[in-house]
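First up is the structure itself, then whatever we jot down about it.
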Amino acid sequence: MRLAKYLAHAGVASRRAAEGLVAQRRVAVDGAVVTDPARGVGEDHTVTVDGRAVAPESRELHMLNKPSGVVSTARDTHGRRTVTDLVPSARRLYPVGRLDADTTGLILLTNDGELANRLTHPRYEVEKLYRVEVEPRPVPAAALAALRDGVALEDGPTLPARVAQVAPGVLDITLREGRKRQVRRMCEAVGHRVVALRRVAFGPLELGRLAEGESRRLAEAELALLRSAGEAARADRAGPAGDDAATAAGRRRW
């Protein structure tokens, strides 16, 4: 395993931050300072950070139904309640992506940096489903079509999205990108203000009946589905052959 990845799995820091620790000459392998974050290490090596031995910890992934007012960070300098406050674990967990403080619903927390990267990196295009209530209502066909085709925002046009009006002024919007306050900005761009926003699915995972403020640790089968979510999504968009691959991987369809 590469040294930076080893440190991330040990819960020392994210992989990028671990590379910084190595560059600062704070990491040693078998007593010798190492400056190459790609250096290979294994169970037979002794790895230390600032003289303290570290080792990979078991991987955990939790699903949380985030309430409004809770911030999507591991710690908050303003003393606000964070998502990690709501998930009981002895591990150093951090959120996978973010939800705005006033957005509710499904958010994942993990100590697996590799999985977090797979779920959030733009190239994997893992889909997220949001239930959105807007005003004025209903949303006319032209606005729905614009959301589906992609709308122009100040940071560039959005990718096409799947959009369904399930009730007057209530939309299901499925995105495969994750910009800051994207759903709210998309709806405002077509003349509708978001009054309530909840994420109800992340890749193959659904929020289901998990109560607001509650969390649960995911099973190994769910972890396997998430690890393959990026490949399944890309295969699904590749054509008929990809449909079978996505179905086999258990990807949610709409």
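Labeling convention for the structure tokens: chains A, B, ... as they appear, residues from 1 per chain, ligands from 1 in order of appearance.
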Using 12 Å as the limit and counting only C-alpha atoms, can you tabulate each residue of region 11-43 of chain A that touches region 117-138 of chain A, with its shortest atom-to-atom distance in Å and the two atoms involved, as CSV?
residue,atom,partner,partner_atom,distance
A:Ser14,CA,A:Asn117,CA,10.0
A:Arg15,CA,A:Asn117,CA,9.6
A:Arg16,CA,A:Asn117,CA,10.9
Subject >> Spatial neighbours of Gly150 (chain A), 8 Å, only C-alpha atoms, chain gap at least 3 places, as a ChimeraX atom specification >> reply: /A:146-147,157-161
May I have the selected residues written with C-alpha atoms, as an mmCIF file, in the first residue's frame?
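After the write, part00.cif holds the following:
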data_model
loop_
_atom_site.group_PDB
_atom_site.id
_atom_site.type_symbol
_atom_site.label_atom_id
_atom_site.label_comp_id
_atom_site.auth_asym_id
_atom_site.auth_seq_id
_atom_site.Cartn_x
_atom_site.Cartn_y
_atom_site.Cartn_z
ATOM 1 C CA ALA A 146 -34.454 23.585 -18.718
ATOM 2 C CA LEU A 147 -33.494 21.744 -15.535
ATOM 3 C CA PRO A 157 -23.594 25.160 -17.121
ATOM 4 C CA THR A 158 -24.870 22.185 -15.162
ATOM 5 C CA LEU A 159 -24.897 18.662 -16.511
ATOM 6 C CA PRO A 160 -28.246 17.273 -17.696
ATOM 7 C CA ALA A 161 -30.360 16.040 -14.778
#
**OP:** Select, from A:Ala13, A:Met1, A:Ala74, A:Val190, the residue with the minimum atom-to-atom distance to Ala142 (chain A), counting only C-alpha atoms.
**Re:**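 Going through A:Ala13, A:Met1, A:Ala74, A:Val190 one by one, the smallest distance to Ala142 (chain A) is for A:Val190.
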**OP:** Would you list the contacts of Thr103 (chain A) as a PyMOL selection string, taking every protein, DNA or RNA residue within 6 Å and counting only C-alpha atoms, but skipping same-chain residues closer than 5 positions in sequence?
**Re:** chain A and resi 68+197-198
Subject >> All residues 10 Å or closer to region 29-42 of chain A, only C-alpha atoms, same chain fewer than 4 positions away omitted, as a VMD selection string >> reply: chain A and resid 1 to 7 15 to 16 18 to 25 46 to 49 51 53 55 to 56
Subject >> Near-Ala219 (chain A) list (12 Å; only C-alpha atoms; drop same-chain fewer than 2 positions) as an NGL selection string >> reply: :A and (59-63 or 205 or 216-217 or 221-226)
Can I get the selection written as a PDB file, in the first residue's frame, with N, CA and C atoms?
ATOM      1  N   ARG A  59     -12.260  -0.181   8.541  1.00  0.00           N
ATOM      2  CA  ARG A  59     -13.048   0.797   7.798  1.00  0.00           C
ATOM      3  C   ARG A  59     -14.486   0.814   8.304  1.00  0.00           C
ATOM      4  N   GLU A  60     -15.053   1.993   8.418  1.00  0.00           N
ATOM      5  CA  GLU A  60     -16.455   2.149   8.797  1.00  0.00           C
ATOM      6  C   GLU A  60     -17.137   3.102   7.832  1.00  0.00           C
ATOM      7  N   LEU A  61     -18.411   2.834   7.558  1.00  0.00           N
ATOM      8  CA  LEU A  61     -19.233   3.747   6.762  1.00  0.00           C
ATOM      9  C   LEU A  61     -20.610   3.798   7.392  1.00  0.00           C
ATOM     10  N   HIS A  62     -21.069   4.998   7.687  1.00  0.00           N
ATOM     11  CA  HIS A  62     -22.358   5.202   8.329  1.00  0.00           C
ATOM     12  C   HIS A  62     -23.237   6.086   7.456  1.00  0.00           C
ATOM     13  N   MET A  63     -24.533   5.802   7.497  1.00  0.00           N
ATOM     14  CA  MET A  63     -25.536   6.638   6.855  1.00  0.00           C
ATOM     15  C   MET A  63     -26.262   7.421   7.936  1.00  0.00           C
ATOM     16  N   LEU A 205     -27.845   3.736  -2.488  1.00  0.00           N
ATOM     17  CA  LEU A 205     -28.406   3.784  -1.138  1.00  0.00           C
ATOM     18  C   LEU A 205     -29.616   4.700  -1.072  1.00  0.00           C
ATOM     19  N   ARG A 216     -27.056   4.719  10.946  1.00  0.00           N
ATOM     20  CA  ARG A 216     -26.788   3.283  11.053  1.00  0.00           C
ATOM     21  C   ARG A 216     -25.514   2.968  10.284  1.00  0.00           C
ATOM     22  N   ARG A 217     -24.790   1.986  10.776  1.00  0.00           N
ATOM     23  CA  ARG A 217     -23.574   1.550  10.099  1.00  0.00           C
ATOM     24  C   ARG A 217     -23.957   0.635   8.943  1.00  0.00           C
ATOM     25  N   ALA A 221     -22.337  -5.715   2.278  1.00  0.00           N
ATOM     26  CA  ALA A 221     -22.974  -5.762   0.959  1.00  0.00           C
ATOM     27  C   ALA A 221     -23.247  -4.364   0.435  1.00  0.00           C
ATOM     28  N   GLU A 222     -23.640  -3.454   1.328  1.00  0.00           N
ATOM     29  CA  GLU A 222     -23.885  -2.068   0.914  1.00  0.00           C
ATOM     30  C   GLU A 222     -22.572  -1.379   0.555  1.00  0.00           C
ATOM     31  N   LEU A 223     -21.511  -1.685   1.286  1.00  0.00           N
ATOM     32  CA  LEU A 223     -20.206  -1.126   0.955  1.00  0.00           C
ATOM     33  C   LEU A 223     -19.768  -1.555  -0.433  1.00  0.00           C
ATOM     34  N   ALA A 224     -19.999  -2.832  -0.765  1.00  0.00           N
ATOM     35  CA  ALA A 224     -19.620  -3.337  -2.088  1.00  0.00           C
ATOM     36  C   ALA A 224     -20.381  -2.606  -3.186  1.00  0.00           C
ATOM     37  N   LEU A 225     -21.662  -2.340  -2.958  1.00  0.00           N
ATOM     38  CA  LEU A 225     -22.454  -1.605  -3.945  1.00  0.00           C
ATOM     39  C   LEU A 225     -21.906  -0.196  -4.147  1.00  0.00           C
ATOM     40  N   LEU A 226     -21.537   0.457  -3.059  1.00  0.00           N
ATOM     41  CA  LEU A 226     -21.015   1.810  -3.176  1.00  0.00           C
ATOM     42  C   LEU A 226     -19.677   1.840  -3.900  1.00  0.00           C
TER      43      LEU A 226
END
**OP:** Pull the alpha helix (DSSP H) assignments for region 43-130 of chain A out of DSSP run on the backbone, and list those residues as a ChimeraX atom specification.
**Re:** /A:113-120
**OP:** Tell me, as a PyMOL selection string, which residues lie within 12 Å of Arg209 (chain A), counting only C-alpha atoms; anything in the same chain fewer than 6 positions away does not count.
**Re:** chain A and resi 63-65+105-106+200-201+215-216
**OP:** Tell me which protein, DNA and RNA residues are within 10 Å of Leu153 (chain A), counting only C-alpha atoms, leaving out same-chain ones fewer than 4 positions away, and put them as a ChimeraX atom specification.
**Re:** /A:157-158,182,185-186,188-189
Write a file of the selected residues as a tab-separated table (two decimals), in the first residue's frame, keeping N, CA and C atoms.
chain	number	residue	atom	x	y	z
A	157	PRO	N	-22.35	25.89	-16.95
A	157	PRO	CA	-23.59	25.16	-17.12
A	157	PRO	C	-23.58	23.85	-16.35
A	158	THR	N	-24.76	23.46	-15.87
A	158	THR	CA	-24.87	22.18	-15.16
A	158	THR	C	-25.01	21.04	-16.16
A	182	GLN	N	-26.07	23.60	-5.34
A	182	GLN	CA	-26.41	23.46	-6.75
A	182	GLN	C	-27.91	23.37	-7.00
A	185	ARG	N	-29.56	26.73	-6.57
A	185	ARG	CA	-29.21	27.67	-7.64
A	185	ARG	C	-29.86	27.28	-8.96
A	186	MET	N	-29.97	25.99	-9.25
A	186	MET	CA	-30.63	25.55	-10.47
A	186	MET	C	-32.10	25.98	-10.48
A	188	GLU	N	-33.51	28.38	-8.72
A	188	GLU	CA	-33.61	29.83	-8.81
A	188	GLU	C	-33.37	30.31	-10.24
A	189	ALA	N	-32.51	29.61	-10.98
A	189	ALA	CA	-32.20	30.01	-12.35
A	189	ALA	C	-33.40	29.88	-13.28
**OP:** Point out the residue among A:Leu109, A:Val83, A:Ala229, A:Leu93 with the least atom-to-atom distance to Arg176 (chain A), counting only C-alpha atoms.
**Re:**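 Closest to Arg176 (chain A), using only C-alpha atoms: A:Ala229.
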Subject >> Proximity to Ile107 (chain A) - best of A:Cys187, A:Leu86, A:Val27, A:Val12, only C-alpha atoms >> reply: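 Between A:Cys187, A:Leu86, A:Val27, A:Val12, the residue approaching Ile107 (chain A) most closely is A:Leu86.
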Subject >> CA of Val139 (chain A) to CA of His192 (chain A), straight-line distance in Å >> reply: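 Separation between CA of His192 (chain A) and CA of Val139 (chain A): 7.7 Å.
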**OP:** Check region 111-171 of chain A with DSSP on the backbone and list each residue it calls strand (DSSP E or B), as a ChimeraX atom specification.
**Re:** /A:128-135,152-153,156-157,162-167,170-171
Original post:
With only C-alpha atoms as the atoms that count, which of A:His78, A:Arg227, A:His9, A:Arg26 lies nearest to Asn111 (chain A)?
Top reply: A:His9
